[in-house]
Structures are given as structure tokens and as C-alpha cells.
$ cat structure25.pdb   # PDB, C-alpha atoms, pLDDT in the B column
ATOM      1  CA  MET T  18     -27.532 -55.473   7.336  1.00 47.00           C
ATOM      2  CA  SER T  19     -29.062 -57.374   4.536  1.00 51.00           C
ATOM      3  CA  THR T  20     -27.604 -60.507   3.054  1.00 49.00           C
ATOM      4  CA  GLU T  21     -28.727 -59.605  -0.459  1.00 57.00           C
ATOM      5  CA  HIS T  22     -26.210 -59.822  -3.252  1.00 58.00           C
ATOM      6  CA  ASN T  23     -24.540 -56.438  -4.046  1.00 59.00           C
ATOM      7  CA  LEU T  24     -22.956 -56.300  -7.512  1.00 71.00           C
ATOM      8  CA  GLU T  25     -20.290 -53.779  -6.509  1.00 75.00           C
ATOM      9  CA  TYR T  26     -19.102 -55.235  -3.205  1.00 73.00           C
ATOM     10  CA  GLY T  27     -20.394 -58.759  -3.258  1.00 74.00           C
ATOM     11  CA  PRO T  28     -22.586 -60.377  -0.617  1.00 75.00           C
ATOM     12  CA  THR T  29     -22.429 -59.176   2.979  1.00 72.00           C
ATOM     13  CA  PRO T  30     -21.184 -61.965   5.214  1.00 73.00           C
ATOM     14  CA  PRO T  31     -23.418 -62.986   8.069  1.00 80.00           C
ATOM     15  CA  GLY T  32     -22.492 -61.426  11.416  1.00 79.00           C
ATOM     16  CA  ALA T  33     -20.815 -58.356   9.863  1.00 72.00           C
ATOM     17  CA  GLN T  34     -20.935 -55.361  12.231  1.00 71.00           C
ATOM     18  CA  TYR T  35     -19.636 -52.575   9.940  1.00 65.00           C
ATOM     19  CA  GLU T  36     -19.130 -51.886   6.260  1.00 67.00           C
ATOM     20  CA  HIS T  37     -16.113 -53.654   4.818  1.00 59.00           C
ATOM     21  CA  THR T  38     -15.190 -50.525   2.834  1.00 71.00           C
ATOM     22  CA  ASP T  39     -15.005 -48.357   5.998  1.00 73.00           C
ATOM     23  CA  ILE T  40     -11.892 -47.738   8.051  1.00 78.00           C
ATOM     24  CA  ASP T  41     -11.032 -50.071  10.871  1.00 79.00           C
ATOM     25  CA  PRO T  42     -12.571 -48.508  14.060  1.00 81.00           C
ATOM     26  CA  SER T  43      -9.377 -48.983  16.085  1.00 88.00           C
ATOM     27  CA  ILE T  44      -7.462 -46.780  13.596  1.00 89.00           C
ATOM     28  CA  GLY T  45     -10.124 -44.055  13.866  1.00 88.00           C
ATOM     29  CA  TYR T  46     -10.056 -44.157  17.670  1.00 93.00           C
ATOM     30  CA  SER T  47      -6.259 -43.967  17.857  1.00 95.00           C
ATOM     31  CA  PHE T  48      -6.277 -41.020  15.419  1.00 95.00           C
ATOM     32  CA  ALA T  49      -8.825 -39.177  17.598  1.00 96.00           C
ATOM     33  CA  VAL T  50      -6.738 -39.797  20.736  1.00 97.00           C
ATOM     34  CA  TRP T  51      -3.507 -38.548  19.123  1.00 97.00           C
ATOM     35  CA  LEU T  52      -5.304 -35.525  17.655  1.00 97.00           C
ATOM     36  CA  THR T  53      -6.589 -34.618  21.114  1.00 98.00           C
ATOM     37  CA  VAL T  54      -3.085 -34.979  22.567  1.00 98.00           C
ATOM     38  CA  ALA T  55      -1.636 -32.742  19.832  1.00 98.00           C
ATOM     39  CA  VAL T  56      -4.295 -30.052  20.411  1.00 98.00           C
ATOM     40  CA  VAL T  57      -3.693 -30.060  24.180  1.00 98.00           C
ATOM     41  CA  LEU T  58       0.096 -29.811  23.695  1.00 97.00           C
ATOM     42  CA  SER T  59      -0.328 -26.974  21.179  1.00 98.00           C
ATOM     43  CA  LEU T  60      -2.587 -25.027  23.533  1.00 97.00           C
ATOM     44  CA  GLY T  61      -0.106 -25.522  26.379  1.00 97.00           C
ATOM     45  CA  LEU T  62       2.761 -24.294  24.204  1.00 97.00           C
ATOM     46  CA  VAL T  63       0.846 -21.203  23.028  1.00 97.00           C
ATOM     47  CA  TYR T  64      -0.242 -20.227  26.539  1.00 97.00           C
ATOM     48  CA  GLY T  65       3.271 -20.847  27.902  1.00 96.00           C
ATOM     49  CA  ILE T  66       4.828 -18.507  25.312  1.00 96.00           C
ATOM     50  CA  LEU T  67       2.097 -15.925  25.940  1.00 95.00           C
ATOM     51  CA  TRP T  68       2.788 -16.039  29.676  1.00 95.00           C
ATOM     52  CA  MET T  69       6.528 -15.630  29.018  1.00 94.00           C
ATOM     53  CA  PHE T  70       5.987 -12.569  26.776  1.00 94.00           C
ATOM     54  CA  GLU T  71       3.597 -10.956  29.261  1.00 93.00           C
ATOM     55  CA  SER T  72       6.037 -11.401  32.136  1.00 89.00           C
ATOM     56  CA  ASN T  73       8.866  -9.860  30.058  1.00 88.00           C
ATOM     57  CA  GLN T  74       6.616  -6.931  29.093  1.00 90.00           C
ATOM     58  CA  ALA T  75       5.636  -6.368  32.733  1.00 87.00           C
ATOM     59  CA  ALA T  76       9.318  -6.251  33.742  1.00 83.00           C
ATOM     60  CA  THR T  77      10.094  -3.787  30.924  1.00 82.00           C
ATOM     61  CA  ASP T  78       7.139  -1.587  31.890  1.00 81.00           C
ATOM     62  CA  ALA T  79       8.257  -1.508  35.514  1.00 79.00           C
ATOM     63  CA  ALA T  80      11.794  -0.482  34.491  1.00 73.00           C
ATOM     64  CA  THR T  81      10.429   2.196  32.164  1.00 74.00           C
ATOM     65  CA  GLN T  82       8.257   3.683  34.899  1.00 73.00           C
ATOM     66  CA  LYS T  83      11.208   3.732  37.299  1.00 71.00           C
ATOM     67  CA  PHE T  84      13.807   5.197  34.850  1.00 69.00           C
ATOM     68  CA  PRO T  85      12.040   6.621  31.754  1.00 62.00           C
ATOM     69  CA  LEU T  86      15.110   8.388  30.337  1.00 62.00           C
ATOM     70  CA  ALA T  87      17.197   5.225  30.591  1.00 61.00           C
ATOM     71  CA  ALA T  88      14.547   3.391  28.573  1.00 60.00           C
ATOM     72  CA  GLY T  89      15.036   5.876  25.723  1.00 60.00           C
ATOM     73  CA  LEU T  90      11.754   7.726  26.084  1.00 57.00           C
ATOM     74  CA  SER T  91      11.874  11.472  25.548  1.00 58.00           C
ATOM     75  CA  GLU T  92       9.437  14.295  24.904  1.00 64.00           C
ATOM     76  CA  ASP T  93       9.899  14.482  21.122  1.00 67.00           C
ATOM     77  CA  PRO T  94       9.998  11.467  18.833  1.00 65.00           C
ATOM     78  CA  PRO T  95      13.207  10.870  16.890  1.00 71.00           C
ATOM     79  CA  ALA T  96      13.680  12.303  13.408  1.00 77.00           C
ATOM     80  CA  PRO T  97      12.277  12.110  10.796  1.00 80.00           C
ATOM     81  CA  ARG T  98       8.990  13.395  12.143  1.00 78.00           C
ATOM     82  CA  LEU T  99       5.873  12.716  10.113  1.00 81.00           C
ATOM     83  CA  GLN T 100       3.405  15.360   9.027  1.00 82.00           C
ATOM     84  CA  THR T 101       0.516  15.871  11.408  1.00 83.00           C
ATOM     85  CA  GLN T 102      -1.623  17.790   8.894  1.00 88.00           C
ATOM     86  CA  PRO T 103      -0.534  16.814   5.368  1.00 89.00           C
ATOM     87  CA  PHE T 104      -3.512  18.444   3.596  1.00 92.00           C
ATOM     88  CA  LYS T 105      -2.804  21.767   5.278  1.00 92.00           C
ATOM     89  CA  ASP T 106       0.881  21.545   4.290  1.00 91.00           C
ATOM     90  CA  VAL T 107      -0.026  20.895   0.637  1.00 93.00           C
ATOM     91  CA  TYR T 108      -2.524  23.779   0.684  1.00 95.00           C
ATOM     92  CA  LEU T 109       0.112  26.180   2.065  1.00 93.00           C
ATOM     93  CA  LEU T 110       2.643  24.999  -0.517  1.00 93.00           C
ATOM     94  CA  ASN T 111       0.166  25.561  -3.363  1.00 94.00           C
ATOM     95  CA  GLN T 112      -0.777  28.975  -1.980  1.00 94.00           C
ATOM     96  CA  GLY T 113       2.876  30.061  -1.919  1.00 91.00           C
ATOM     97  CA  THR T 114       3.394  28.823  -5.469  1.00 91.00           C
ATOM     98  CA  ARG T 115       0.290  30.685  -6.690  1.00 91.00           C
ATOM     99  CA  GLU T 116       1.498  33.890  -5.036  1.00 90.00           C
ATOM    100  CA  LYS T 117       4.886  33.549  -6.720  1.00 88.00           C
ATOM    101  CA  LEU T 118       3.295  32.890 -10.145  1.00 88.00           C
ATOM    102  CA  HIS T 119       1.055  35.974  -9.951  1.00 90.00           C
ATOM    103  CA  SER T 120       3.393  38.574  -8.433  1.00 92.00           C
ATOM    104  CA  TYR T 121       6.601  40.499  -9.049  1.00 92.00           C
ATOM    105  CA  GLY T 122       9.658  39.901  -6.885  1.00 90.00           C
ATOM    106  CA  TRP T 123      13.322  39.105  -6.617  1.00 89.00           C
ATOM    107  CA  THR T 124      14.502  35.588  -7.298  1.00 87.00           C
ATOM    108  CA  ASP T 125      18.185  36.442  -6.797  1.00 88.00           C
ATOM    109  CA  GLN T 126      18.815  40.110  -6.055  1.00 88.00           C
ATOM    110  CA  ALA T 127      22.608  39.788  -6.219  1.00 91.00           C
ATOM    111  CA  SER T 128      22.519  38.619  -9.840  1.00 91.00           C
ATOM    112  CA  GLY T 129      19.532  40.808 -10.763  1.00 88.00           C
ATOM    113  CA  LEU T 130      17.155  37.889 -11.413  1.00 90.00           C
ATOM    114  CA  VAL T 131      13.440  38.665 -10.901  1.00 90.00           C
ATOM    115  CA  HIS T 132      10.164  36.843 -11.363  1.00 88.00           C
ATOM    116  CA  ILE T 133       7.098  38.332 -13.024  1.00 91.00           C
ATOM    117  CA  PRO T 134       3.452  37.197 -13.204  1.00 92.00           C
ATOM    118  CA  ILE T 135       2.960  34.346 -15.608  1.00 89.00           C
ATOM    119  CA  GLU T 136       0.361  36.220 -17.705  1.00 89.00           C
ATOM    120  CA  ARG T 137       2.823  39.054 -18.298  1.00 91.00           C
ATOM    121  CA  ALA T 138       5.596  36.565 -19.152  1.00 90.00           C
ATOM    122  CA  MET T 139       3.362  34.951 -21.793  1.00 88.00           C
ATOM    123  CA  GLU T 140       2.588  38.368 -23.316  1.00 88.00           C
ATOM    124  CA  LEU T 141       6.289  39.240 -23.502  1.00 89.00           C
ATOM    125  CA  THR T 142       7.099  35.876 -25.062  1.00 88.00           C
ATOM    126  CA  LEU T 143       4.430  36.383 -27.758  1.00 85.00           C
ATOM    127  CA  GLN T 144       5.830  39.828 -28.540  1.00 85.00           C
ATOM    128  CA  GLN T 145       9.345  38.398 -28.979  1.00 85.00           C
ATOM    129  CA  LEU T 146       8.307  35.518 -31.306  1.00 80.00           C
ATOM    130  CA  PRO T 147       9.123  36.251 -34.956  1.00 74.00           C
ATOM    131  CA  ILE T 148       6.147  36.188 -37.336  1.00 67.00           C
ATOM    132  CA  ARG T 149       6.873  35.934 -41.052  1.00 57.00           C
ATOM    133  CA  ALA T 150       5.751  38.812 -43.195  1.00 54.00           C
ATOM    134  CA  GLY T 151       2.540  38.212 -45.125  1.00 53.00           C
ATOM    135  CA  GLU T 152       1.327  35.382 -42.902  1.00 56.00           C
ATOM    136  CA  PRO T 153      -1.488  35.840 -40.449  1.00 58.00           C
ATOM    137  CA  GLY T 154      -0.844  35.077 -36.788  1.00 59.00           C
ATOM    138  CA  VAL T 155      -2.857  31.844 -36.993  1.00 60.00           C
ATOM    139  CA  PRO T 156      -1.629  29.186 -39.447  1.00 61.00           C
ATOM    140  CA  ASP T 157      -4.126  27.842 -41.977  1.00 68.00           C
ATOM    141  CA  ARG T 158      -2.391  24.464 -42.376  1.00 71.00           C
ATOM    142  CA  VAL T 159      -1.955  21.686 -39.855  1.00 74.00           C
ATOM    143  CA  VAL T 160       0.764  19.006 -39.821  1.00 75.00           C
ATOM    144  CA  GLN T 161      -0.649  15.477 -39.616  1.00 78.00           C
ATOM    145  CA  ASP T 162       0.874  12.026 -39.282  1.00 76.00           C
ATOM    146  CA  SER T 163      -0.364   9.255 -41.539  1.00 73.00           C
ATOM    147  CA  SER T 164       0.816   5.843 -42.671  1.00 72.00           C
ATOM    148  CA  GLY T 165       2.362   7.503 -45.731  1.00 70.00           C
ATOM    149  CA  GLY T 166       4.392   9.912 -43.611  1.00 74.00           C
ATOM    150  CA  ARG T 167       3.925  13.415 -42.317  1.00 75.00           C
ATOM    151  CA  THR T 168       1.467  15.539 -44.338  1.00 77.00           C
ATOM    152  CA  THR T 169      -0.128  18.937 -44.137  1.00 75.00           C
ATOM    153  CA  ALA T 170      -3.817  19.660 -44.387  1.00 74.00           C
ATOM    154  CA  VAL T 171      -5.890  22.828 -44.578  1.00 71.00           C
ATOM    155  CA  ARG T 172      -7.421  23.723 -41.271  1.00 63.00           C
TER
END
$ encode --input "structure25.pdb" --output "C-alpha cells"
Amino acid sequence: MSTEHNLEYGPTPPGAQYEHTDIDPSIGYSFAVWLTVAVVLSLGLVYGILWMFESNQAATDAATQKFPLAAGLSEDPPAPRLQTQPFKDVYLLNQGTREKLHSYGWTDQASGLVHIPIERAMELTLQQLPIRAGEPGVPDRVVQDSSGGRTTAVR
């Protein structure tokens, strides 16, 4: 180390073996020792718990192999059972709905309620709608919303 004058820290005294702004080496060494002790204890604790869980699992597995019904294992899983092929189920549901929308059939035969194809239902609905005399089927004015209120405009 040089003995030149340093404006920030002042002159370095003769015989100095480390920087005066550094930590005391004995504090650093004791920290390293305690850190090593803590790591070793943590590893021992983790491996001890792991060994305990593995021994419990081995005992449970042995009991299950000896008496599977007593362990609660059966052929079918308990309800509710999840779908194994959800896309196929949705496809079949949509197919059934499409068939019902495009066919004739009974909805409730006792009360005389039937279903008809949707195209035919729309035709019947159009036939039943009242149209004013003298007006064409398509209106020539459109209702619009504006800041001044609702208005009508020519189409």
C-alpha cells in the first residue's frame, strides 16, 4: 500500500494490512462459519423429512397391496366423473340440436306440443305479422339516435 495522501480517506498508516473501510476479517470469517452451519442443518432437516415421508409412503403402499379394498381403491372412480372426450360430447350435442332445429317432431305429445323446422317457423311468423295497407314490406325510413334525440332518416 502506498503512503500517499488520499483526499477521501486520509493517509494510509504505515504497516496497514487491509483497507480501513473494509469489514473486519474476523467478522467475515465468523459469518462464513455460521452460514456453513446453517446450510448443513437445513440440508439435514430436509433429508430427514424426506426420509420420513418416504417411509410413510412405503408403509401405505404395502398396506394397499395387501388389502386394496380397505384402502378405498375400487374399479371406478368416485362421482362426479370427468369427460374423457369433451370435443366428441360437444359435437354430439350440436348434432342433436341441429337435427331438432331442422325436423318435425313431438315436444310434448300429451299436451299436443310439436316442433317444426326453423325455416318453416320463420315463414309462418312472417305470414302472421300485420303489414299496414299502402306500405311496402320494406320500410323506407330508419330510426337513428343522435345527440338531439331519436330521429328518422330516409334509407
$ axis_aligned_box --input "structure25.pdb" --around "segment 66-83 of chain T" --padding-each-side "8 Å" --output "AutoDock Vina command-line options"
--center_x 6.9 --center_y -7.4 --center_z 31.3 --size_x 25.7 --size_y 38.2 --size_z 28.0
$ atom_distance --input "structure25.pdb" --atom1 "atom CA of Leu118 of chain T" --atom2 "atom CA of His132 of chain T"
8.0 Å
$ atom_distance --input "structure25.pdb" --atom1 "atom CA of Pro30 of chain T" --atom2 "atom CA of Pro42 of chain T"
18.3 Å
$ atom_distance --input "structure25.pdb" --atom1 "atom CA of Thr168 of chain T" --atom2 "atom CA of Gln144 of chain T"
29.3 Å
$ resolve_selection --input "structure25.pdb" --expression "the PyMOL selection byres ((chain T and resi 135) around 12)" --output "PDB file with C-alpha atoms, in the frame of the given file"
ATOM      1  CA  THR T 114       3.394  28.823  -5.469  1.00 91.00           C
ATOM      2  CA  ARG T 115       0.290  30.685  -6.690  1.00 91.00           C
ATOM      3  CA  GLU T 116       1.498  33.890  -5.036  1.00 90.00           C
ATOM      4  CA  LYS T 117       4.886  33.549  -6.720  1.00 88.00           C
ATOM      5  CA  LEU T 118       3.295  32.890 -10.145  1.00 88.00           C
ATOM      6  CA  HIS T 119       1.055  35.974  -9.951  1.00 90.00           C
ATOM      7  CA  SER T 120       3.393  38.574  -8.433  1.00 92.00           C
ATOM      8  CA  TYR T 121       6.601  40.499  -9.049  1.00 92.00           C
ATOM      9  CA  HIS T 132      10.164  36.843 -11.363  1.00 88.00           C
ATOM     10  CA  ILE T 133       7.098  38.332 -13.024  1.00 91.00           C
ATOM     11  CA  PRO T 134       3.452  37.197 -13.204  1.00 92.00           C
ATOM     12  CA  GLU T 136       0.361  36.220 -17.705  1.00 89.00           C
ATOM     13  CA  ARG T 137       2.823  39.054 -18.298  1.00 91.00           C
ATOM     14  CA  ALA T 138       5.596  36.565 -19.152  1.00 90.00           C
ATOM     15  CA  MET T 139       3.362  34.951 -21.793  1.00 88.00           C
ATOM     16  CA  GLU T 140       2.588  38.368 -23.316  1.00 88.00           C
ATOM     17  CA  LEU T 141       6.289  39.240 -23.502  1.00 89.00           C
ATOM     18  CA  THR T 142       7.099  35.876 -25.062  1.00 88.00           C
TER      19      THR T 142
END
$ decode --input "structure25.pdb" --residues "segment 111-143 of chain T" --atoms "N, CA and C atoms" --output "mmCIF file, in the first residue's frame"
data_model
loop_
_atom_site.group_PDB
_atom_site.id
_atom_site.type_symbol
_atom_site.label_atom_id
_atom_site.label_comp_id
_atom_site.auth_asym_id
_atom_site.auth_seq_id
_atom_site.Cartn_x
_atom_site.Cartn_y
_atom_site.Cartn_z
ATOM 1 N N ASN T 111 -74.262 -30.747 -30.400
ATOM 2 C CA ASN T 111 -74.595 -29.849 -31.508
ATOM 3 C C ASN T 111 -75.341 -30.583 -32.615
ATOM 4 N N GLN T 112 -74.964 -31.807 -32.889
ATOM 5 C CA GLN T 112 -75.637 -32.596 -33.921
ATOM 6 C C GLN T 112 -77.098 -32.841 -33.538
ATOM 7 N N GLY T 113 -77.357 -33.175 -32.298
ATOM 8 C CA GLY T 113 -78.730 -33.382 -31.838
ATOM 9 C C GLY T 113 -79.554 -32.102 -31.906
ATOM 10 N N THR T 114 -78.939 -30.987 -31.574
ATOM 11 C CA THR T 114 -79.641 -29.703 -31.645
ATOM 12 C C THR T 114 -79.968 -29.347 -33.088
ATOM 13 N N ARG T 115 -79.005 -29.558 -34.000
ATOM 14 C CA ARG T 115 -79.253 -29.294 -35.424
ATOM 15 C C ARG T 115 -80.384 -30.162 -35.952
ATOM 16 N N GLU T 116 -80.407 -31.427 -35.578
ATOM 17 C CA GLU T 116 -81.480 -32.317 -36.031
ATOM 18 C C GLU T 116 -82.834 -31.834 -35.531
ATOM 19 N N LYS T 117 -82.881 -31.354 -34.294
ATOM 20 C CA LYS T 117 -84.150 -30.881 -33.742
ATOM 21 C C LYS T 117 -84.592 -29.585 -34.424
ATOM 22 N N LEU T 118 -83.642 -28.711 -34.788
ATOM 23 C CA LEU T 118 -83.989 -27.449 -35.444
ATOM 24 C C LEU T 118 -84.471 -27.639 -36.882
ATOM 25 N N HIS T 119 -84.101 -28.720 -37.524
ATOM 26 C CA HIS T 119 -84.417 -28.912 -38.944
ATOM 27 C C HIS T 119 -85.353 -30.089 -39.180
ATOM 28 N N SER T 120 -86.146 -30.468 -38.185
ATOM 29 C CA SER T 120 -87.054 -31.605 -38.374
ATOM 30 C C SER T 120 -88.378 -31.354 -37.649
ATOM 31 N N TYR T 121 -89.362 -32.177 -38.002
ATOM 32 C CA TYR T 121 -90.653 -32.153 -37.315
ATOM 33 C C TYR T 121 -90.635 -33.218 -36.224
ATOM 34 N N GLY T 122 -91.370 -32.967 -35.136
ATOM 35 C CA GLY T 122 -91.461 -33.978 -34.089
ATOM 36 C C GLY T 122 -92.253 -33.477 -32.905
ATOM 37 N N TRP T 123 -92.524 -34.400 -32.003
ATOM 38 C CA TRP T 123 -93.270 -34.073 -30.796
ATOM 39 C C TRP T 123 -92.330 -33.514 -29.745
ATOM 40 N N THR T 124 -92.753 -32.411 -29.130
ATOM 41 C CA THR T 124 -92.050 -31.913 -27.955
ATOM 42 C C THR T 124 -92.715 -32.467 -26.709
ATOM 43 N N ASP T 125 -94.060 -32.399 -26.674
ATOM 44 C CA ASP T 125 -94.844 -32.982 -25.590
ATOM 45 C C ASP T 125 -96.149 -33.486 -26.204
ATOM 46 N N GLN T 126 -96.197 -34.789 -26.451
ATOM 47 C CA GLN T 126 -97.337 -35.377 -27.155
ATOM 48 C C GLN T 126 -98.620 -35.294 -26.318
ATOM 49 N N ALA T 127 -98.523 -35.361 -25.026
ATOM 50 C CA ALA T 127 -99.704 -35.319 -24.169
ATOM 51 C C ALA T 127 -100.423 -33.972 -24.277
ATOM 52 N N SER T 128 -99.656 -32.887 -24.387
ATOM 53 C CA SER T 128 -100.284 -31.571 -24.491
ATOM 54 C C SER T 128 -100.416 -31.102 -25.932
ATOM 55 N N GLY T 129 -99.951 -31.929 -26.886
ATOM 56 C CA GLY T 129 -100.071 -31.585 -28.302
ATOM 57 C C GLY T 129 -99.059 -30.559 -28.768
ATOM 58 N N LEU T 130 -97.910 -30.471 -28.125
ATOM 59 C CA LEU T 130 -96.868 -29.509 -28.473
ATOM 60 C C LEU T 130 -95.862 -30.167 -29.410
ATOM 61 N N VAL T 131 -95.636 -29.532 -30.588
ATOM 62 C CA VAL T 131 -94.712 -30.091 -31.584
ATOM 63 C C VAL T 131 -93.622 -29.077 -31.885
ATOM 64 N N HIS T 132 -92.567 -29.559 -32.544
ATOM 65 C CA HIS T 132 -91.548 -28.633 -33.044
ATOM 66 C C HIS T 132 -91.466 -28.807 -34.553
ATOM 67 N N ILE T 133 -91.187 -27.670 -35.215
ATOM 68 C CA ILE T 133 -91.115 -27.666 -36.685
ATOM 69 C C ILE T 133 -89.764 -27.113 -37.078
ATOM 70 N N PRO T 134 -89.327 -27.313 -38.337
ATOM 71 C CA PRO T 134 -88.040 -26.753 -38.765
ATOM 72 C C PRO T 134 -88.030 -25.230 -38.625
ATOM 73 N N ILE T 135 -86.907 -24.701 -38.332
ATOM 74 C CA ILE T 135 -86.804 -23.276 -38.040
ATOM 75 C C ILE T 135 -87.127 -22.426 -39.266
ATOM 76 N N GLU T 136 -86.772 -22.889 -40.473
ATOM 77 C CA GLU T 136 -87.095 -22.131 -41.681
ATOM 78 C C GLU T 136 -88.606 -21.998 -41.836
ATOM 79 N N ARG T 137 -89.315 -23.094 -41.616
ATOM 80 C CA ARG T 137 -90.777 -23.073 -41.726
ATOM 81 C C ARG T 137 -91.382 -22.182 -40.641
ATOM 82 N N ALA T 138 -90.845 -22.181 -39.450
ATOM 83 C CA ALA T 138 -91.339 -21.337 -38.367
ATOM 84 C C ALA T 138 -91.161 -19.866 -38.716
ATOM 85 N N MET T 139 -90.045 -19.504 -39.359
ATOM 86 C CA MET T 139 -89.835 -18.115 -39.759
ATOM 87 C C MET T 139 -90.829 -17.709 -40.846
ATOM 88 N N GLU T 140 -91.117 -18.607 -41.789
ATOM 89 C CA GLU T 140 -92.108 -18.306 -42.824
ATOM 90 C C GLU T 140 -93.485 -18.072 -42.209
ATOM 91 N N LEU T 141 -93.887 -18.930 -41.294
ATOM 92 C CA LEU T 141 -95.190 -18.776 -40.640
ATOM 93 C C LEU T 141 -95.257 -17.481 -39.835
ATOM 94 N N THR T 142 -94.185 -17.125 -39.184
ATOM 95 C CA THR T 142 -94.161 -15.888 -38.403
ATOM 96 C C THR T 142 -94.310 -14.683 -39.322
ATOM 97 N N LEU T 143 -93.627 -14.679 -40.471
ATOM 98 C CA LEU T 143 -93.757 -13.574 -41.426
ATOM 99 C C LEU T 143 -95.176 -13.468 -41.962
#
